[in-house]
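S.K.: Pasting in a structure now, in structure tokens, and then I'll have a few things to ask.
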Amino acid sequence: MNSSSRVAVVGTLNLDQVVHVERLPADGETVLGLSQTERPGGKGANQAAAAAAITSTSLIAAVGDDAAGTTMLEYQRAQGVDVEHVRRVTGLSGRAVIEVDADGTNRIIVLSGANAELTADHVTASLDALDPEVVLTQLESPREVTDAAARWCRAHLRRFVLNPSPVAALDDSILALADPLVVNEIEAAYYGTADDLEPLAQRLRSRCTSAVITLGAEGVLVIDDGRVTRINVRGVTAVDTTGAGDVFAGTLVAHLAAGIELPEAASLAADTATDFVSRSRN
């Protein structure tokens with residue numbers, strides 16, 4: 001049956017292979033691993049799980065017909081995410097190989113697998129059935145998927161939140177709909193073409209409805225209604241930063257769907273992400 005959710009996340013599911021090392025290897029270097037774990041991940045899945053901890057959330061995605069696909073769907077259900085609109089397709093599910101060093105810094109390689117089979121038609125039909133208040137998507141899926149989510153939000157006057165990761169060139173019409181555009185400092189520089197934070201924030205404001213720039217331990221910048229608000233975060237020891245940006249984005253949209261204004265929603269999301277990076281997930 002079709003069910004409505006306040007948040008719909010359009011994105012990816014990957015089975016994460018996480019290798020912990022003392023330090024990340026240099027080019028051509030071999031280092032010994034300390035431990036290895038396997039866990040459900042993917043930007044869409046991570047964001048949906050974070051949002052579902054706060055409000056009703058559906059995931060629109062695709063997984064393979066392999067054991068990994070079954071495992072990831074079971075995990076999403078256990079997190080309270082509606083997976084009715086996740087397609088099962090023939091082939092392998094997505095994978096991600098993640099290296100994490102002793103400081104919590106990570107490097108990630110993503111293999112799309114079944115995620116590449118997510119289509120614009122499936123996204124549009126799923127959003128029609130769900131009629132969410134807020135739609136969140138990223139750039140790990142085929143570009144037509146991002147465009148379909150943005151077009152649906154424009155046609156139905158729903159809030160479109162874009163986390164453009166990994167960064168890629170986007171049409172101005174897509175960026176203009178982002179409310180907010182959720183980026184880290186490197187991603188912000190890609191779209192804002194400015195070196196200093198204040199000019200960067202204003203440049204982003206000219207290209208999208210609103211923007212949020214995450215700065216790690218330096219806090220968060222919120223650009224909304226022509227204002228730039230700086231949000232400080234608590235100092236913690238980072239154990240593993242993998243997925244922290246996804247937790248931030250998912251928590252942010254859940255609070256936005258609940259009617260909380262952007263600066264306060266960003267502050268709440270920053271608190272949740274700060275707690276997340278301080279916990280071990282071995």
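For the structure tokens, the naming scheme is as follows: chains receive sequential letters (A, B, ...) according to their order of presentation, residues are indexed from 1 within each chain, and ligands are indexed from 1 in presentation order.
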Pull the helix (DSSP H, G or I) assignments for stretch 23-116 of chain A out of DSSP run on the backbone, and list those residues as a list of chain:residue names.

M.R.: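 Of stretch 23-116 of chain A, the ones in helix (DSSP H, G or I) are A:Lys43, A:Gly44, A:Ala45, A:Asn46, A:Gln47, A:Ala48, A:Ala49, A:Ala50, A:Ala51, A:Ala52, A:Ala67, A:Ala68, A:Gly69, A:Thr70, A:Thr71, A:Met72, A:Leu73, A:Glu74, A:Tyr75, A:Gln76, A:Arg77, A:Ala78, A:Gly113, A:Ala114, A:Asn115, A:Ala116.
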
S.K.: Which residues are near A:Glu74? Cut-off 10 Å, only C-alpha atoms, ignore same chain within fewer than 6 positions. Put them as a list in words.

M.R.: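 Neighbouring residues, sequence-local ones excluded: Pro40, Ala68, Val81 and Val83 of chain A.
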
S.K.: Using the selection just defined, write its residues with C-alpha atoms as a compact mmCIF listing (two decimals), in the first residue's frame.

M.R.:
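Contents of the output file selection15.txt:
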```
# COMPACT_ATOMS: atom_id res chain seq x y z
CA PRO A 40 24.98 -0.89 5.78
CA ALA A 68 23.65 -7.40 0.58
CA VAL A 81 12.55 3.89 7.43
CA VAL A 83 11.40 1.10 2.12
```

S.K.: Could you give me, as JSON lines, a per-residue list for stretch 31-86 of chain A showing, wherever an atom lies at most 12 Å from an atom of stretch 146-162 of chain A, the closest pair of atoms and their distance in Å to one decimal, using only C-alpha atoms and sorting by chain then residue number from low to high?

M.R.:
```
{"residue": "A:Gly44", "atom": "CA", "partner": "A:Leu162", "partner_atom": "CA", "distance": 11.6}
{"residue": "A:Gln47", "atom": "CA", "partner": "A:Leu162", "partner_atom": "CA", "distance": 11.8}
{"residue": "A:Ile60", "atom": "CA", "partner": "A:Ala149", "partner_atom": "CA", "distance": 10.4}
{"residue": "A:Ala61", "atom": "CA", "partner": "A:Thr146", "partner_atom": "CA", "distance": 12.0}
```

S.K.: Among stretch 99-241 of chain A, which residues does DSSP mark as strand (DSSP E) when it is run on the backbone? Keep the chain and numbering as in the structure and answer as a ChimeraX atom specification.

M.R.: /A:99-100,106-111,134-137,159-162,178-184,211-214,220-224,227-231

S.K.: Extract, using only C-alpha atoms, all DNA, RNA and protein residues at most 10 Å from A:Ser126, discarding same-chain residues fewer than 5 positions from it, and format them as a ChimeraX atom specification.

M.R.: /A:2,8,10,58-61,84-86,120-121,131-132

S.K.: Write to file, as a short mmCIF file (atom, residue, chain, number, x, y, z; two decimals), in the first residue's frame, the residues of the selection just made, with all heavy atoms.

M.R.:
```cif
data_model
loop_
_atom_site.label_atom_id
_atom_site.label_comp_id
_atom_site.auth_asym_id
_atom_site.auth_seq_id
_atom_site.Cartn_x
_atom_site.Cartn_y
_atom_site.Cartn_z
N ASN A 2 0.33 2.34 -0.47
CA ASN A 2 1.06 3.59 -0.45
C ASN A 2 0.87 4.27 0.90
O ASN A 2 -0.20 4.26 1.48
CB ASN A 2 0.57 4.52 -1.57
CG ASN A 2 0.98 4.00 -2.93
OD1 ASN A 2 2.01 3.35 -3.07
ND2 ASN A 2 0.18 4.30 -3.94
N ALA A 8 11.03 12.51 2.29
CA ALA A 8 11.45 11.48 1.33
C ALA A 8 12.91 11.73 0.99
O ALA A 8 13.29 12.85 0.63
CB ALA A 8 10.60 11.52 0.07
N VAL A 10 15.82 10.62 -1.54
CA VAL A 10 16.10 9.98 -2.82
C VAL A 10 17.60 9.76 -2.89
O VAL A 10 18.37 10.73 -2.90
CB VAL A 10 15.64 10.85 -4.00
CG1 VAL A 10 15.94 10.16 -5.33
CG2 VAL A 10 14.15 11.19 -3.88
N SER A 58 10.64 8.14 4.19
CA SER A 58 10.69 7.09 3.18
C SER A 58 11.97 7.22 2.37
O SER A 58 12.46 8.33 2.14
CB SER A 58 9.49 7.20 2.23
OG SER A 58 8.28 6.90 2.90
N LEU A 59 12.49 6.09 1.92
CA LEU A 59 13.67 6.06 1.09
C LEU A 59 13.28 5.60 -0.31
O LEU A 59 12.59 4.60 -0.48
CB LEU A 59 14.71 5.09 1.68
CG LEU A 59 16.01 4.91 0.89
CD1 LEU A 59 16.77 6.22 0.73
CD2 LEU A 59 16.89 3.85 1.57
N ILE A 60 13.70 6.38 -1.31
CA ILE A 60 13.48 6.04 -2.72
C ILE A 60 14.84 5.69 -3.30
O ILE A 60 15.72 6.56 -3.37
CB ILE A 60 12.83 7.21 -3.47
CG1 ILE A 60 11.50 7.60 -2.82
CG2 ILE A 60 12.62 6.85 -4.94
CD1 ILE A 60 10.89 8.88 -3.37
N ALA A 61 15.01 4.42 -3.69
CA ALA A 61 16.35 3.97 -4.06
C ALA A 61 16.24 2.66 -4.85
O ALA A 61 15.14 2.24 -5.24
CB ALA A 61 17.19 3.77 -2.80
N GLU A 84 9.22 0.91 1.06
CA GLU A 84 8.28 0.44 0.04
C GLU A 84 8.71 0.87 -1.36
O GLU A 84 8.44 0.18 -2.35
CB GLU A 84 6.88 0.98 0.34
CG GLU A 84 5.83 0.55 -0.68
CD GLU A 84 4.47 1.17 -0.39
OE1 GLU A 84 4.32 1.78 0.69
OE2 GLU A 84 3.58 1.04 -1.24
N HIS A 85 9.40 1.99 -1.45
CA HIS A 85 9.76 2.53 -2.76
C HIS A 85 11.23 2.31 -3.11
O HIS A 85 11.79 3.03 -3.94
CB HIS A 85 9.40 4.02 -2.82
CG HIS A 85 7.93 4.25 -2.67
ND1 HIS A 85 7.03 4.11 -3.71
CD2 HIS A 85 7.18 4.54 -1.57
CE1 HIS A 85 5.81 4.35 -3.28
NE2 HIS A 85 5.87 4.61 -1.98
N VAL A 86 11.84 1.31 -2.48
CA VAL A 86 13.18 0.87 -2.87
C VAL A 86 13.02 -0.28 -3.86
O VAL A 86 12.43 -1.32 -3.54
CB VAL A 86 14.01 0.41 -1.67
CG1 VAL A 86 15.37 -0.10 -2.13
CG2 VAL A 86 14.19 1.55 -0.68
N ALA A 120 14.40 8.21 -13.20
CA ALA A 120 13.57 9.39 -12.98
C ALA A 120 12.10 9.01 -12.85
O ALA A 120 11.37 9.56 -12.02
CB ALA A 120 13.77 10.40 -14.10
N ASP A 121 11.64 8.07 -13.68
CA ASP A 121 10.23 7.66 -13.65
C ASP A 121 9.88 7.05 -12.29
O ASP A 121 8.81 7.32 -11.74
CB ASP A 121 9.94 6.65 -14.76
CG ASP A 121 9.90 7.29 -16.14
OD1 ASP A 121 9.81 8.53 -16.21
OD2 ASP A 121 9.95 6.54 -17.13
N ASP A 131 3.90 11.99 -1.51
CA ASP A 131 3.57 13.40 -1.31
C ASP A 131 4.24 13.96 -0.05
O ASP A 131 3.57 14.48 0.85
CB ASP A 131 2.06 13.60 -1.22
CG ASP A 131 1.66 15.08 -1.32
OD1 ASP A 131 2.45 15.87 -1.90
OD2 ASP A 131 0.59 15.45 -0.82
N PRO A 132 5.58 13.89 0.04
CA PRO A 132 6.28 14.37 1.23
C PRO A 132 6.31 15.89 1.31
O PRO A 132 6.13 16.59 0.31
CB PRO A 132 7.69 13.81 1.05
CG PRO A 132 7.86 13.79 -0.44
CD PRO A 132 6.51 13.41 -1.00
#
```

S.K.: Which residue gives the smallest distance to A:Ala45 among A:Val277, A:Val19, A:Ala249, A:Val222, with only C-alpha atoms counted?

M.R.: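 Going through A:Val277, A:Val19, A:Ala249, A:Val222 one by one, the smallest distance to A:Ala45 is for A:Ala249.
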
S.K.: Rounded to one decimal place, report the atom CA of A:Tyr190-atom CA of A:Gly245 distance in Å.

M.R.: 17.0 Å

S.K.: Can you pull out the residues contacting A:Leu197? Cut-off 10 Å, using only C-alpha atoms, and skip same-chain residues under 3 positions away; I want them as a list in words.

M.R.: Glu185, Ala188, Ala189, Gly192, Ala194, Leu200, Ala201, Gln202, Arg203, Ile213 and Leu221 of chain A

S.K.: Hey, can you spit out that residue selection with N, CA and C atoms as a CSV table (one decimal), in the first residue's frame?

M.R.:
```csv
chain,number,residue,atom,x,y,z
A,185,GLU,N,32.8,22.7,3.3
A,185,GLU,CA,33.6,23.9,2.8
A,185,GLU,C,34.2,23.6,1.5
A,188,ALA,N,31.3,23.8,-1.0
A,188,ALA,CA,30.8,25.2,-1.1
A,188,ALA,C,31.7,26.0,-2.1
A,189,ALA,N,33.1,25.8,-2.0
A,189,ALA,CA,34.0,26.5,-2.8
A,189,ALA,C,33.8,26.1,-4.3
A,192,GLY,N,30.6,28.0,-5.1
A,192,GLY,CA,30.6,29.4,-4.8
A,192,GLY,C,31.7,30.2,-5.4
A,194,ALA,N,34.7,31.2,-4.5
A,194,ALA,CA,35.3,32.3,-3.6
A,194,ALA,C,36.1,31.6,-2.6
A,200,LEU,N,32.0,33.7,0.0
A,200,LEU,CA,31.5,32.4,-0.4
A,200,LEU,C,30.1,32.2,-0.1
A,201,ALA,N,29.7,32.6,1.1
A,201,ALA,CA,28.3,32.5,1.6
A,201,ALA,C,27.4,33.3,0.7
A,202,GLN,N,27.8,34.5,0.4
A,202,GLN,CA,27.0,35.4,-0.4
A,202,GLN,C,26.9,34.9,-1.8
A,203,ARG,N,27.9,34.3,-2.3
A,203,ARG,CA,27.9,33.8,-3.7
A,203,ARG,C,26.9,32.6,-3.7
A,213,ILE,N,26.5,25.6,5.2
A,213,ILE,CA,27.9,25.2,5.0
A,213,ILE,C,28.4,24.6,6.3
A,221,LEU,N,27.7,27.5,8.9
A,221,LEU,CA,27.2,28.8,8.4
A,221,LEU,C,25.9,28.5,7.8
```

S.K.: Would you kindly return, as a list in words, each protein, DNA or RNA residue with an atom no farther than 12 Å from any atom of A:Ala67, considering only C-alpha atoms and excluding same-chain residues fewer than 2 positions away?

M.R.: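 Everything that qualifies: Leu15, Pro40, Val63, Gly64, Asp65, Gly69, Thr70, Thr71, Met72, Leu73, Glu74, Arg88, Thr90, Gly91, Leu92, Ser93 and Gly94 of chain A.
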
S.K.: Give me the stretch 131-229 of chain A side of the contact with stretch 111-118 of chain A, cut-off 10 Å, one line per residue showing its nearest atom pair and distance in Å at one decimal, counting only C-alpha atoms, sorted by chain and residue number, as CSV.

M.R.:
```
residue,atom,partner,partner_atom,distance
A:Glu140,CA,A:Ser112,CA,7.9
A:Ser141,CA,A:Ala116,CA,6.3
A:Pro142,CA,A:Ala116,CA,6.1
A:Arg143,CA,A:Ala116,CA,9.9
A:Glu144,CA,A:Leu118,CA,9.2
A:Val145,CA,A:Leu118,CA,7.2
```

S.K.: Neighbours of A:Ala270 within 10 Å (only C-alpha atoms; same-chain residues fewer than 5 positions away dropped), as a list in words?

M.R.: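 Contacts, with the query itself left out: Thr214, Gly216, Ala217, Gly219, Val220, Ile231, Asn232, Val233, Arg234, Ala244, Gly245, Val247, Phe248, Ala249, Thr251, Leu252, Glu264, Ala265, Asp275 and Phe276 of chain A.
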
S.K.: Keeping only all heavy atoms, take the residues you just selected and write them out as a short mmCIF file (atom, residue, chain, number, x, y, z; two decimals), in the first residue's frame.

M.R.:
```cif
data_model
loop_
_atom_site.label_atom_id
_atom_site.label_comp_id
_atom_site.auth_asym_id
_atom_site.auth_seq_id
_atom_site.Cartn_x
_atom_site.Cartn_y
_atom_site.Cartn_z
N THR A 214 28.75 23.29 6.27
CA THR A 214 29.30 22.64 7.46
C THR A 214 30.82 22.79 7.45
O THR A 214 31.46 22.59 6.43
CB THR A 214 28.91 21.16 7.52
OG1 THR A 214 29.38 20.49 6.34
CG2 THR A 214 27.39 21.01 7.58
N GLY A 216 32.97 21.38 10.00
CA GLY A 216 33.58 20.48 10.96
C GLY A 216 33.58 21.08 12.36
O GLY A 216 32.57 21.60 12.83
N ALA A 217 34.74 21.06 12.99
CA ALA A 217 34.86 21.58 14.35
C ALA A 217 34.67 23.09 14.43
O ALA A 217 34.46 23.64 15.52
CB ALA A 217 36.22 21.21 14.92
N GLY A 219 32.17 24.68 13.15
CA GLY A 219 30.75 25.00 13.21
C GLY A 219 30.03 24.95 11.88
O GLY A 219 30.41 24.20 10.98
N VAL A 220 29.00 25.77 11.76
CA VAL A 220 28.11 25.76 10.60
C VAL A 220 27.78 27.20 10.23
O VAL A 220 27.56 28.04 11.11
CB VAL A 220 26.80 24.99 10.91
CG1 VAL A 220 25.86 25.02 9.72
CG2 VAL A 220 27.10 23.56 11.32
N ILE A 231 26.97 29.19 13.53
CA ILE A 231 26.57 28.29 14.61
C ILE A 231 27.81 27.56 15.10
O ILE A 231 28.51 26.90 14.32
CB ILE A 231 25.52 27.28 14.12
CG1 ILE A 231 24.24 28.01 13.71
CG2 ILE A 231 25.22 26.24 15.20
CD1 ILE A 231 23.24 27.14 13.00
N ASN A 232 28.12 27.69 16.37
CA ASN A 232 29.26 27.00 16.97
C ASN A 232 28.86 25.59 17.38
O ASN A 232 27.68 25.31 17.65
CB ASN A 232 29.79 27.78 18.17
CG ASN A 232 30.35 29.14 17.77
OD1 ASN A 232 31.01 29.27 16.75
ND2 ASN A 232 30.07 30.16 18.58
N VAL A 233 29.85 24.71 17.44
CA VAL A 233 29.59 23.33 17.87
C VAL A 233 30.46 23.00 19.07
O VAL A 233 31.50 23.62 19.30
CB VAL A 233 29.86 22.32 16.73
CG1 VAL A 233 28.90 22.56 15.58
CG2 VAL A 233 31.30 22.40 16.25
N ARG A 234 30.02 22.01 19.84
CA ARG A 234 30.78 21.57 21.00
C ARG A 234 32.08 20.88 20.57
O ARG A 234 32.12 20.19 19.55
CB ARG A 234 29.96 20.57 21.81
CG ARG A 234 28.77 21.18 22.54
CD ARG A 234 27.94 20.12 23.22
NE ARG A 234 27.15 19.34 22.27
CZ ARG A 234 27.36 18.08 21.98
NH1 ARG A 234 28.34 17.41 22.56
NH2 ARG A 234 26.58 17.45 21.10
N ALA A 244 29.11 11.45 8.94
CA ALA A 244 28.66 12.56 9.78
C ALA A 244 27.86 13.59 8.98
O ALA A 244 26.86 14.13 9.46
CB ALA A 244 29.86 13.24 10.44
N GLY A 245 28.31 13.86 7.75
CA GLY A 245 27.57 14.79 6.91
C GLY A 245 26.18 14.29 6.58
O GLY A 245 25.24 15.08 6.47
N VAL A 247 24.37 12.27 8.54
CA VAL A 247 23.58 12.42 9.77
C VAL A 247 23.11 13.87 9.89
O VAL A 247 21.95 14.14 10.25
CB VAL A 247 24.40 11.99 11.00
CG1 VAL A 247 23.70 12.41 12.29
CG2 VAL A 247 24.63 10.49 10.98
N PHE A 248 24.00 14.80 9.61
CA PHE A 248 23.63 16.22 9.67
C PHE A 248 22.48 16.51 8.71
O PHE A 248 21.47 17.12 9.09
CB PHE A 248 24.84 17.10 9.33
CG PHE A 248 24.52 18.57 9.32
CD1 PHE A 248 24.64 19.33 10.48
CD2 PHE A 248 24.09 19.20 8.16
CE1 PHE A 248 24.34 20.69 10.48
CE2 PHE A 248 23.78 20.55 8.15
CZ PHE A 248 23.90 21.30 9.31
N ALA A 249 22.63 16.09 7.45
CA ALA A 249 21.61 16.40 6.44
C ALA A 249 20.27 15.76 6.76
O ALA A 249 19.21 16.38 6.64
CB ALA A 249 22.09 15.95 5.06
N THR A 251 19.11 14.77 9.72
CA THR A 251 18.52 15.42 10.90
C THR A 251 17.98 16.79 10.55
O THR A 251 16.90 17.19 11.01
CB THR A 251 19.58 15.54 12.01
OG1 THR A 251 20.13 14.24 12.29
CG2 THR A 251 18.99 16.11 13.28
N LEU A 252 18.71 17.52 9.73
CA LEU A 252 18.28 18.85 9.30
C LEU A 252 16.92 18.81 8.62
O LEU A 252 16.01 19.57 8.98
CB LEU A 252 19.32 19.45 8.36
CG LEU A 252 18.98 20.82 7.75
CD1 LEU A 252 19.11 21.92 8.79
CD2 LEU A 252 19.88 21.12 6.54
N GLU A 264 17.72 27.23 13.43
CA GLU A 264 17.55 26.35 14.59
C GLU A 264 17.68 24.89 14.17
O GLU A 264 18.28 24.07 14.89
CB GLU A 264 16.20 26.58 15.26
CG GLU A 264 16.00 25.73 16.51
CD GLU A 264 14.65 25.94 17.18
OE1 GLU A 264 13.89 26.83 16.73
OE2 GLU A 264 14.37 25.20 18.14
N ALA A 265 17.12 24.54 13.00
CA ALA A 265 17.24 23.17 12.51
C ALA A 265 18.69 22.80 12.29
O ALA A 265 19.13 21.68 12.61
CB ALA A 265 16.44 23.01 11.22
N ASP A 275 27.66 14.53 18.27
CA ASP A 275 27.57 13.30 19.07
C ASP A 275 27.98 12.08 18.24
O ASP A 275 28.66 11.18 18.73
CB ASP A 275 26.15 13.12 19.60
CG ASP A 275 25.79 14.12 20.68
OD1 ASP A 275 26.70 14.68 21.31
OD2 ASP A 275 24.57 14.36 20.87
N PHE A 276 27.57 12.08 16.99
CA PHE A 276 27.81 10.93 16.10
C PHE A 276 29.30 10.70 15.89
O PHE A 276 29.77 9.55 15.96
CB PHE A 276 27.10 11.17 14.77
CG PHE A 276 27.27 10.06 13.77
CD1 PHE A 276 26.51 8.91 13.86
CD2 PHE A 276 28.18 10.18 12.73
CE1 PHE A 276 26.66 7.88 12.93
CE2 PHE A 276 28.35 9.17 11.80
CZ PHE A 276 27.58 8.01 11.90
#
```

S.K.: May I ask for the distance between atom CA of A:Gln36 and atom CA of A:Ile109, given in Å to one decimal place?

M.R.: 15.4 Å

S.K.: Taking only C-alpha atoms into account, name the residue in A:Thr124, A:Asn184, A:Thr30, A:Asn46 that is nearest to A:Leu13.

M.R.: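 So, comparing all the options, the nearest one is A:Asn46.
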
S.K.: In Å, rounded to a single decimal, give me how far atom CA of A:Ile186 is from atom CA of A:Thr272.

M.R.: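 Taking atom CA of A:Thr272 and atom CA of A:Ile186, their separation equals 21.5 Å.
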